[in-house]
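What follows is structure11.cif (mmCIF, C-alpha atoms).
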```cif
data_work
#
loop_
_atom_site.label_atom_id
_atom_site.label_comp_id
_atom_site.auth_asym_id
_atom_site.auth_seq_id
_atom_site.Cartn_x
_atom_site.Cartn_y
_atom_site.Cartn_z
CA MET A 1 0.00 0.00 0.00
CA PRO A 2 1.58 3.34 -1.04
CA ASP A 3 2.07 6.27 1.35
CA SER A 4 -0.64 8.91 1.45
CA ALA A 5 -0.68 12.12 -0.60
CA ALA A 6 -0.35 14.22 2.56
CA PHE A 7 2.76 12.33 3.64
CA GLU A 8 4.36 12.57 0.20
CA PHE A 9 3.62 16.30 0.04
CA ALA A 10 5.19 16.99 3.45
CA CYS A 11 8.30 14.97 2.60
CA ASP A 12 8.71 16.59 -0.83
CA GLN A 13 8.43 20.06 0.69
CA LEU A 14 10.98 19.31 3.40
CA GLU A 15 13.41 17.96 0.84
CA ALA A 16 12.90 21.00 -1.43
CA ARG A 17 13.05 23.70 1.24
CA THR A 18 15.68 22.39 3.67
CA SER A 19 19.08 20.80 3.64
CA LEU A 20 17.55 17.42 4.42
CA ASP A 21 17.98 14.80 1.73
CA ARG A 22 15.14 12.52 0.69
CA LEU A 23 15.90 9.84 3.25
CA ALA A 24 16.32 12.33 6.11
CA ALA A 25 13.15 14.22 5.16
CA ARG A 26 11.06 11.07 5.05
CA GLY A 27 12.61 9.79 8.23
CA THR A 28 11.87 13.04 10.05
CA VAL A 29 8.23 12.99 9.02
CA ARG A 30 7.90 9.31 9.91
CA ILE A 31 9.31 9.97 13.38
CA ALA A 32 6.82 12.79 13.85
CA LEU A 33 3.98 10.54 12.72
CA LYS A 34 5.10 7.79 15.08
CA GLN A 35 4.98 10.21 17.99
CA ALA A 36 1.46 11.11 16.97
CA GLY A 37 0.35 7.47 16.63
CA LEU A 38 -0.31 7.95 12.92
CA ASP A 39 0.62 5.99 9.81
CA ALA A 40 2.18 7.32 6.62
CA ARG A 41 -0.13 5.20 4.46
CA SER A 42 -3.38 6.42 5.92
CA ILE A 43 -2.73 9.92 7.29
CA THR A 44 -5.14 12.55 6.01
CA PRO A 45 -4.26 16.18 5.19
CA ALA A 46 -6.15 17.33 8.29
CA GLN A 47 -4.16 14.95 10.52
CA MET A 48 -0.88 15.97 8.87
CA ALA A 49 -1.76 19.61 9.54
CA VAL A 50 -1.96 18.85 13.25
CA VAL A 51 1.38 17.05 13.14
CA VAL A 52 2.92 20.01 11.32
CA GLN A 53 1.57 22.39 13.97
CA LYS A 54 2.32 20.38 17.10
CA ILE A 55 5.19 17.95 16.52
CA LEU A 56 7.19 18.77 13.40
CA PRO A 57 8.58 22.11 14.66
CA MET A 58 10.44 20.38 17.49
CA GLU A 59 11.76 17.63 15.20
CA LEU A 60 13.00 20.15 12.67
CA GLY A 61 14.53 22.33 15.37
CA SER A 62 16.45 19.39 16.79
CA ARG A 63 17.90 18.81 13.32
CA GLY A 64 19.20 22.37 13.09
CA ILE A 65 16.73 23.50 10.44
CA ASP A 66 16.34 27.30 10.16
CA SER A 67 13.08 29.24 9.74
CA VAL A 68 11.01 26.38 11.09
CA GLU A 69 7.91 28.52 11.61
CA GLU A 70 7.97 29.83 8.05
CA LEU A 71 8.48 26.32 6.69
CA CYS A 72 5.61 24.86 8.69
CA GLN A 73 3.29 27.69 7.65
CA ALA A 74 4.11 26.90 4.03
CA LEU A 75 3.37 23.21 4.66
CA LEU A 76 0.05 24.07 6.25
CA ALA A 77 -0.92 26.27 3.31
CA GLY A 78 -0.04 23.51 0.85
CA LEU A 79 -1.86 20.81 2.80
CA GLY A 80 -5.05 22.79 2.34
CA ASN A 81 -4.86 21.98 -1.37
CA ILE A 82 -4.36 18.25 -0.92
CA ALA A 83 -7.47 16.18 -1.53
CA SER A 84 -8.29 13.70 1.21
CA GLY A 85 -8.72 10.86 -1.21
CA PRO A 86 -11.17 7.97 -0.85
CA ALA A 87 -11.84 7.35 2.80
CA SER A 88 -10.99 3.84 3.87
CA GLU A 89 -12.63 2.80 7.09
CA THR A 90 -10.18 2.97 9.98
CA PRO A 91 -10.52 0.78 13.09
CA ASP A 92 -11.35 3.84 15.20
CA ALA A 93 -14.13 4.84 12.79
CA VAL A 94 -15.57 1.32 13.15
CA PHE A 95 -15.34 1.23 16.93
CA LYS A 96 -16.80 4.71 17.18
CA ARG A 97 -19.84 3.49 15.27
CA LEU A 98 -20.16 0.22 17.21
CA GLY A 99 -20.35 1.98 20.55
CA GLY A 100 -22.63 4.71 19.31
CA ALA A 101 -20.07 7.38 20.29
CA MET B 1 -23.05 -23.39 47.08
CA ALA B 2 -21.50 -19.94 46.61
CA VAL B 3 -19.46 -21.20 43.67
CA GLU B 4 -22.53 -22.72 42.02
CA LEU B 5 -24.36 -19.45 42.49
CA LEU B 6 -21.42 -17.52 41.03
CA SER B 7 -21.29 -19.89 38.03
CA LEU B 8 -25.00 -19.46 37.41
CA VAL B 9 -24.90 -15.67 37.77
CA SER B 10 -21.83 -15.49 35.52
CA ALA B 11 -23.53 -17.61 32.85
CA LEU B 12 -26.76 -15.61 32.96
CA VAL B 13 -24.92 -12.27 32.87
CA PHE B 14 -22.82 -13.46 29.93
CA VAL B 15 -25.91 -14.56 28.01
CA ALA B 16 -27.81 -11.36 28.79
CA VAL B 17 -25.01 -8.92 28.00
CA GLY B 18 -23.65 -10.78 24.99
CA ALA B 19 -27.06 -11.28 23.43
CA THR B 20 -28.02 -7.65 24.05
CA VAL B 21 -24.78 -6.36 22.52
CA GLY B 22 -25.24 -8.74 19.60
CA ALA B 23 -28.80 -7.61 18.99
CA LYS B 24 -27.82 -3.94 19.28
CA LEU B 25 -25.01 -4.35 16.73
CA LEU B 26 -27.18 -6.30 14.32
CA TRP B 27 -29.80 -3.55 14.57
CA LEU B 28 -27.02 -1.06 13.78
CA ALA B 29 -26.02 -3.24 10.81
CA HIS B 30 -29.62 -3.11 9.59
CA ARG B 31 -29.25 0.69 9.38
CA THR B 32 -25.67 1.00 8.16
CA HIS B 33 -25.39 -2.21 6.05
CA ALA B 34 -21.74 -2.23 7.16
CA LEU B 35 -19.81 -5.48 7.54
CA PRO B 36 -18.07 -4.99 10.92
CA GLU B 37 -21.30 -4.68 12.88
CA LYS B 38 -22.78 -7.68 11.03
CA MET B 39 -19.73 -9.77 11.88
CA VAL B 40 -19.30 -8.91 15.52
CA GLY B 41 -23.05 -8.59 16.21
CA GLY B 42 -23.68 -11.98 14.67
CA SER B 43 -20.80 -13.47 16.67
CA MET B 44 -22.07 -12.13 19.99
CA LEU B 45 -25.58 -13.35 19.34
CA LEU B 46 -24.45 -16.81 18.24
CA LEU B 47 -22.00 -17.30 21.11
CA SER B 48 -23.94 -15.71 23.96
CA GLY B 49 -27.51 -16.01 22.79
CA VAL B 50 -27.44 -19.46 21.17
CA ALA B 51 -24.37 -21.56 21.99
CA TRP B 52 -23.98 -20.75 25.66
CA PRO B 53 -27.61 -21.34 26.70
CA LEU B 54 -27.65 -24.63 24.75
CA LEU B 55 -24.42 -25.77 26.39
CA LEU B 56 -25.94 -24.97 29.78
CA LEU B 57 -28.93 -27.06 28.78
CA VAL B 58 -26.74 -30.01 27.74
CA ASN B 59 -24.87 -29.87 31.04
CA LEU B 60 -27.96 -29.72 33.25
CA PRO B 61 -27.93 -32.42 35.92
CA THR B 62 -31.49 -33.45 35.00
CA SER B 63 -32.00 -35.94 32.17
CA LEU B 64 -33.59 -34.50 29.08
CA PRO B 65 -34.96 -36.51 26.14
CA GLY B 66 -32.17 -37.82 23.93
CA GLY B 67 -33.45 -36.00 20.87
CA VAL B 68 -33.42 -32.68 22.73
CA LEU B 69 -29.85 -33.24 23.96
CA ARG B 70 -28.59 -34.18 20.52
CA ALA B 71 -30.29 -31.19 18.86
CA ALA B 72 -29.02 -28.80 21.51
CA TRP B 73 -25.49 -30.13 21.19
CA CYS B 74 -25.42 -29.97 17.38
CA VAL B 75 -26.85 -26.45 17.23
CA ALA B 76 -24.40 -25.32 19.95
CA ALA B 77 -21.45 -26.77 18.00
CA LEU B 78 -22.46 -24.97 14.83
CA ALA B 79 -23.21 -21.74 16.72
CA MET B 80 -19.80 -21.80 18.40
CA SER B 81 -17.91 -22.44 15.17
CA SER B 82 -19.92 -19.74 13.37
CA GLY B 83 -19.64 -17.27 16.25
CA TRP B 84 -15.89 -17.54 16.60
CA SER B 85 -15.53 -17.47 12.80
CA GLY B 86 -17.25 -14.09 12.93
CA VAL B 87 -14.58 -12.86 15.33
CA TYR B 88 -11.85 -13.99 12.91
CA LEU B 89 -13.57 -12.15 10.07
CA PHE B 90 -14.09 -9.03 12.18
CA THR B 91 -10.47 -8.90 13.34
CA TRP B 92 -9.14 -9.37 9.82
CA HIS B 93 -11.55 -6.91 8.18
CA VAL B 94 -11.16 -4.14 10.78
CA PHE B 95 -7.50 -4.34 11.75
CA ARG B 96 -5.69 -5.96 8.78
CA PRO B 97 -7.95 -5.73 5.71
CA GLY B 98 -6.86 -7.03 2.36
CA PRO B 99 -4.63 -9.90 1.32
CA GLY B 100 -1.71 -11.07 3.44
CA TRP B 101 -0.95 -13.07 6.56
CA ALA B 102 -4.04 -11.84 8.37
CA ARG B 103 -6.37 -13.12 5.68
CA THR B 104 -4.58 -16.47 5.73
CA LEU B 105 -4.89 -16.61 9.53
CA ALA B 106 -8.56 -15.67 9.42
CA PHE B 107 -9.57 -18.20 6.81
CA GLY B 108 -7.32 -20.84 8.29
CA GLY B 109 -8.99 -20.36 11.67
CA ILE B 110 -12.44 -20.43 10.09
CA GLY B 111 -11.60 -23.63 8.26
CA ILE B 112 -10.50 -25.28 11.50
CA LEU B 113 -13.58 -24.04 13.34
CA PHE B 114 -15.97 -25.38 10.78
CA ALA B 115 -14.23 -28.71 10.55
CA ALA B 116 -14.27 -29.05 14.34
CA GLY B 117 -17.87 -27.82 14.50
CA LEU B 118 -18.99 -30.40 11.94
CA ALA B 119 -17.08 -33.09 13.78
CA GLY B 120 -18.95 -32.03 16.90
CA VAL B 121 -22.25 -32.37 15.07
CA VAL B 122 -21.32 -35.87 13.87
CA ARG B 123 -20.37 -36.76 17.43
CA GLY B 124 -23.66 -35.43 18.73
CA LEU B 125 -25.64 -37.46 16.20
CA THR B 126 -23.71 -40.72 16.56
CA LEU B 127 -22.83 -41.03 20.25
CA GLU B 128 -24.77 -43.81 21.90
CA ASP B 129 -24.06 -42.74 25.48
CA LEU B 130 -25.31 -39.16 25.59
CA ALA B 131 -23.59 -38.57 28.93
CA GLN B 132 -20.40 -38.43 26.87
CA LEU B 133 -21.58 -35.09 25.46
CA ARG B 134 -20.59 -33.59 28.79
CA THR B 135 -17.03 -34.87 28.50
CA SER B 136 -14.20 -33.43 26.46
CA SER B 137 -13.36 -34.58 22.95
CA THR B 138 -10.70 -34.00 20.32
CA SER B 139 -13.04 -31.97 18.12
CA GLY B 140 -14.06 -29.92 21.15
CA LEU B 141 -10.44 -29.24 22.03
CA ILE B 142 -9.61 -28.15 18.48
CA LEU B 143 -12.68 -25.90 18.41
CA VAL B 144 -11.69 -24.22 21.66
CA LEU B 145 -8.03 -23.87 20.64
CA ALA B 146 -9.09 -22.08 17.46
CA ALA B 147 -11.23 -19.80 19.62
CA GLU B 148 -8.30 -19.16 21.96
CA ALA B 149 -6.16 -18.19 18.98
CA VAL B 150 -8.64 -15.56 17.78
CA TYR B 151 -9.03 -14.18 21.28
CA VAL B 152 -5.26 -13.68 21.45
CA TRP B 153 -5.13 -12.13 17.97
CA THR B 154 -7.98 -9.71 18.52
CA ALA B 155 -6.71 -8.72 21.98
CA LEU B 156 -3.23 -7.92 20.59
CA GLU B 157 -4.68 -5.86 17.73
CA ALA B 158 -6.91 -3.94 20.14
CA VAL B 159 -4.04 -3.24 22.55
CA ARG B 160 -1.83 -2.06 19.67
CA TYR B 161 -4.48 0.25 18.27
CA ARG B 162 -5.36 1.64 21.69
CA ALA B 163 -1.69 2.57 22.14
CA LEU B 164 -1.81 4.48 18.83
CA LEU B 165 -4.96 6.33 19.84
CA LYS B 166 -3.52 7.21 23.25
CA ARG B 167 -0.83 9.19 21.43
CA ARG B 168 -3.44 10.93 19.29
CA ILE B 169 -5.68 12.04 22.16
CA PRO B 170 -3.47 14.94 23.38
CA LEU B 171 -3.31 16.13 19.76
CA GLY B 172 -7.09 16.24 19.53
CA LEU B 173 -7.00 13.49 16.88
CA ALA B 174 -8.82 10.76 18.79
CA ASP B 175 -11.88 10.44 21.00
CA PRO B 176 -10.84 9.14 24.46
CA LEU B 177 -14.02 7.06 24.67
CA VAL B 178 -13.19 5.29 21.41
CA ALA B 179 -9.63 4.66 22.63
CA ASP B 180 -11.07 3.25 25.85
CA ARG B 181 -13.35 0.99 23.78
CA PHE B 182 -10.33 -0.69 22.21
CA GLY B 183 -8.98 -1.36 25.68
CA LEU B 184 -12.30 -2.84 26.77
CA TRP B 185 -12.42 -5.02 23.64
CA ALA B 186 -8.96 -6.30 24.54
CA TRP B 187 -10.18 -7.10 28.07
CA THR B 188 -13.28 -8.84 26.65
CA SER B 189 -11.04 -11.03 24.52
CA GLY B 190 -8.58 -11.57 27.36
CA PHE B 191 -11.24 -12.75 29.79
CA GLY B 192 -12.84 -14.81 27.03
CA PHE B 193 -9.48 -16.51 26.53
CA ALA B 194 -9.03 -17.07 30.26
CA SER B 195 -12.50 -18.51 30.72
CA LEU B 196 -11.74 -21.32 28.25
CA LEU B 197 -8.34 -22.17 29.74
CA PRO B 198 -9.53 -24.60 32.44
CA ALA B 199 -11.35 -26.67 29.80
CA VAL B 200 -8.26 -26.69 27.56
CA ILE B 201 -5.91 -27.65 30.36
CA ALA B 202 -8.25 -30.33 31.67
CA THR B 203 -8.66 -31.87 28.22
CA VAL B 204 -4.92 -31.92 27.59
CA THR B 205 -3.98 -33.28 31.05
CA GLY B 206 -6.98 -35.55 31.51
CA GLY B 207 -8.05 -33.50 34.53
CA ASP B 208 -11.48 -32.39 35.68
CA PRO B 209 -12.64 -29.05 34.24
CA ASN B 210 -15.39 -28.84 36.83
CA THR B 211 -13.35 -28.57 40.01
CA THR B 212 -14.48 -25.88 42.44
CA ALA B 213 -11.41 -23.79 41.67
CA ASN B 214 -12.03 -24.03 37.93
CA ARG B 215 -15.68 -23.14 38.24
CA LEU B 216 -14.79 -20.17 40.45
CA PHE B 217 -12.15 -19.01 37.95
CA VAL B 218 -14.47 -19.38 34.97
CA GLY B 219 -17.29 -17.66 36.84
CA VAL B 220 -15.16 -14.64 37.67
CA CYS B 221 -13.78 -14.45 34.11
CA GLY B 222 -17.31 -14.63 32.72
CA ILE B 223 -18.49 -11.71 34.84
CA LEU B 224 -15.43 -9.60 34.00
CA CYS B 225 -15.77 -10.44 30.30
CA SER B 226 -19.40 -9.38 30.38
CA ALA B 227 -18.57 -6.17 32.22
CA ALA B 228 -15.92 -5.22 29.67
CA LEU B 229 -18.30 -5.98 26.80
CA TYR B 230 -21.05 -3.94 28.44
CA PHE B 231 -18.91 -0.87 28.98
CA ALA B 232 -17.45 -1.19 25.50
CA PHE B 233 -20.69 -1.31 23.53
CA LEU B 234 -23.45 -0.24 25.93
CA PRO B 235 -21.58 2.48 27.85
CA PRO B 236 -23.74 4.40 30.30
CA ALA B 237 -23.65 8.16 29.79
CA ALA B 238 -21.95 8.61 33.17
CA TYR B 239 -19.15 6.25 32.14
CA ALA B 240 -18.66 8.05 28.82
CA ARG B 241 -18.50 11.36 30.66
CA PHE B 242 -16.00 9.96 33.16
CA VAL B 243 -13.68 8.68 30.42
CA ARG B 244 -13.76 11.91 28.43
CA GLU B 245 -13.34 14.17 31.46
CA ASN B 246 -10.34 12.21 32.69
CA ALA B 247 -8.54 12.11 29.36
CA PRO B 248 -5.51 14.34 28.73
CA ALA B 249 -6.51 17.74 27.44
CA PRO B 250 -5.41 18.60 23.88
CA GLU B 251 -1.94 20.18 23.78
CA PRO B 252 -1.41 23.64 22.35
CA ALA B 253 0.53 23.93 19.08
CA GLY B 254 4.25 23.40 19.74
CA GLY B 255 6.19 26.23 18.19
CA LEU B 256 3.61 27.61 15.81
#
```
Just dump the structure as structure tokens.
Amino acid sequence: MPDSAAFEFACDQLEARTSLDRLAARGTVRIALKQAGLDARSITPAQMAVVVQKILPMELGSRGIDSVEELCQALLAGLGNIASGPASETPDAVFKRLGGA
Amino acid sequence: MAVELLSLVSALVFVAVGATVGAKLLWLAHRTHALPEKMVGGSMLLLSGVAWPLLLLVNLPTSLPGGVLRAAWCVAALAMSSGWSGVYLFTWHVFRPGPGWARTLAFGGIGILFAAGLAGVVRGLTLEDLAQLRTSSTSGLILVLAAEAVYVWTALEAVRYRALLKRRIPLGLADPLVADRFGLWAWTSGFGFASLLPAVIATVTGGDPNTTANRLFVGVCGILCSAALYFAFLPPAAYARFVRENAPAPEPAGGL
């Protein structure tokens, strides 16, 4: 199963706008996703936006990246243009429905 | 006397809660037409509402007509194999959909369950001494081992997913009540697994599954299993409020 459009976008932008190479950019985003309990294959643009706001700044800062705030704002703006894609039913969506929550 | 009472209460609670959850989920499936609720609702109803009461009937100390015992046994065997098959399907479909090891595990487990269930039916129809229905058998052991395997699988998947959701809660990306539900599903499976252990151990060692200690253990597991199932799928409003109010508050944005 390929990685999601939101993940690919974030990685491409990091590679293009920072000194991180492809492997480092993807690794940084994957680490951020892992901290958030999210998966690169199923993450939505809305979820990625939260990761960009709340986790990625610290990861980028620890890697010595400059202008982190500007970079993350650019990522957020771009994520707004990413289509969510066909929604596959996640386990939490199922369990939410089963319990009537 | 206390242990017998506990066993009876545990069995009745399990039947009541399981059948109610099953009916509720099948009613939900009627509205949504979605597979997960059909699978798990059907499983609950078959295991708690059909198989368990029939097994209680078969194991009653009073002597029932032979035809009634045979019919009860055969229907219970098929209900158990179908019910646990539903749990295999649910776990595969919800947690690991698509082709791969999980599909192989699910269909392998279902194959074993149906073979063991059919063997149980043949046994029920051909046994001359019906008292033997109350004793363990090879087909019964295989049936229960397949059930134990799915309980382990579904519990592990639920624990794993709950851990993921726990990380999402402070980010505002998960509902604490839904995360809690995964934990309760894991407990349901865990206590389900535990409740079958005395029967498995007794069959393998040639021991007596109906010792006082075993009946006490199974009784307690049954009540805890039912409680977990109840809070998972029939949560009272007060419980839902308690879980949500005691969850970590969403964190502010870090650095932006």
Chain A residues near chain B (9 Å cut-off, all atoms listed in the file) as a count of residues only | 32
Near B:Val220, counting all atoms listed in the file, which residues have an atom at most 12 Å away, once you skip same-chain residues fewer than 5 positions from it, shown as a PyMOL selection string?
-> chain B and resi 3-11+13-14+191-192+194-195+213-215+225-227
Would you export the selected residues with C-alpha atoms as a compact mmCIF listing (two decimals), in the coordinates of the input, please?
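And here is the file that came out, result32.txt:
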```txt
# COMPACT_ATOMS: atom_id res chain seq x y z
CA VAL B 3 -19.46 -21.20 43.67
CA GLU B 4 -22.53 -22.72 42.02
CA LEU B 5 -24.36 -19.45 42.49
CA LEU B 6 -21.42 -17.52 41.03
CA SER B 7 -21.29 -19.89 38.03
CA LEU B 8 -25.00 -19.46 37.41
CA VAL B 9 -24.90 -15.67 37.77
CA SER B 10 -21.83 -15.49 35.52
CA ALA B 11 -23.53 -17.61 32.85
CA VAL B 13 -24.92 -12.27 32.87
CA PHE B 14 -22.82 -13.46 29.93
CA PHE B 191 -11.24 -12.75 29.79
CA GLY B 192 -12.84 -14.81 27.03
CA ALA B 194 -9.03 -17.07 30.26
CA SER B 195 -12.50 -18.51 30.72
CA ALA B 213 -11.41 -23.79 41.67
CA ASN B 214 -12.03 -24.03 37.93
CA ARG B 215 -15.68 -23.14 38.24
CA CYS B 225 -15.77 -10.44 30.30
CA SER B 226 -19.40 -9.38 30.38
CA ALA B 227 -18.57 -6.17 32.22
```
Return the single residue from A:Ala16, A:Ala5, A:Ile82, A:Ala32 that is closest to A:Leu60, with distances computed using only C-alpha atoms.
->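 Among the listed residues, A:Ala32 lies closest to A:Leu60.
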Six-sided padding of 8 Å per side, axis-aligned box over stretch 105-108 of chain B, centre and edges in Å, one decimal, as lines of an AutoDock Vina configuration file:
```
center_x = -7.2
center_y = -18.3
center_z = 8.2
size_x = 20.7
size_y = 21.2
size_z = 18.7
```
Å distance separating atom CA of B:Val152 from atom CA of B:Ile223, one decimal place | 18.9 Å
Return as an NGL selection string the set of residues that the PyMOL selection byres ((chain A and resi 46) around 9) yields on the displayed structure.
-> :A and (6 or 43-45 or 47-51 or 79-80 or 84)
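Around the point (-15.2, -29.9, 18.9), within 9 Å and counting only C-alpha atoms, we find these residues: Ala77, Ser81, Leu113, Ala115, Ala116, Gly117, Leu118, Ala119, Gly120, Val121, Arg123, Ser136, Ser137, Thr138, Ser139, Gly140, Leu141, Ile142, Leu143 and Val144 of chain B.
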Taking into account all atoms listed in the file, which residue in the set B:Tyr239, B:Arg134, B:Pro99, B:Arg160 is nearest to B:Leu60?
->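 Looking at the shortest contact to B:Leu60, the residue is B:Arg134.
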Written as a list in words, what is the full residue list that the PyMOL selection byres ((chain A and resi 17) around 12) yields on the file shown?
->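 Applying the expression gives Ala10, Cys11, Asp12, Gln13, Leu14, Glu15, Ala16, Thr18, Ser19, Leu20, Asp21, Arg22, Ala25, Leu60, Ile65, Asp66, Ser67, Val68, Glu70, Leu71, Cys72, Ala74 and Leu75 of chain A.
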In Å, with one decimal, what is the gap from atom CA of B:Ile112 to atom CA of B:Phe193?
->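 Distance between the two atoms: 17.4 Å.
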Which residue of B:Thr205, B:Thr135, B:Asn210, B:Ser43 approaches B:Val58 most closely, using all atoms listed in the file =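 Comparing B:Thr205, B:Thr135, B:Asn210, B:Ser43 against B:Val58, the winner is B:Thr135.
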To one decimal in Å, tell me the separation between atom CA of B:Ala155 and atom CA of B:Ser189.
->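 Atom CA of B:Ser189 lies 5.5 Å from atom CA of B:Ala155.
For the residues B:Ala102, B:Val15, B:Ala51, B:Ala149, ranking by smallest atom-to-atom distance to B:Gly83 using only C-alpha atoms places B:Ala51 first.
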Kindly indicate which residue among B:Gly206, B:Phe242, B:Gly18, B:Pro65 lies nearest to B:Ala228, using all atoms listed in the file for the distances.
-> B:Gly18
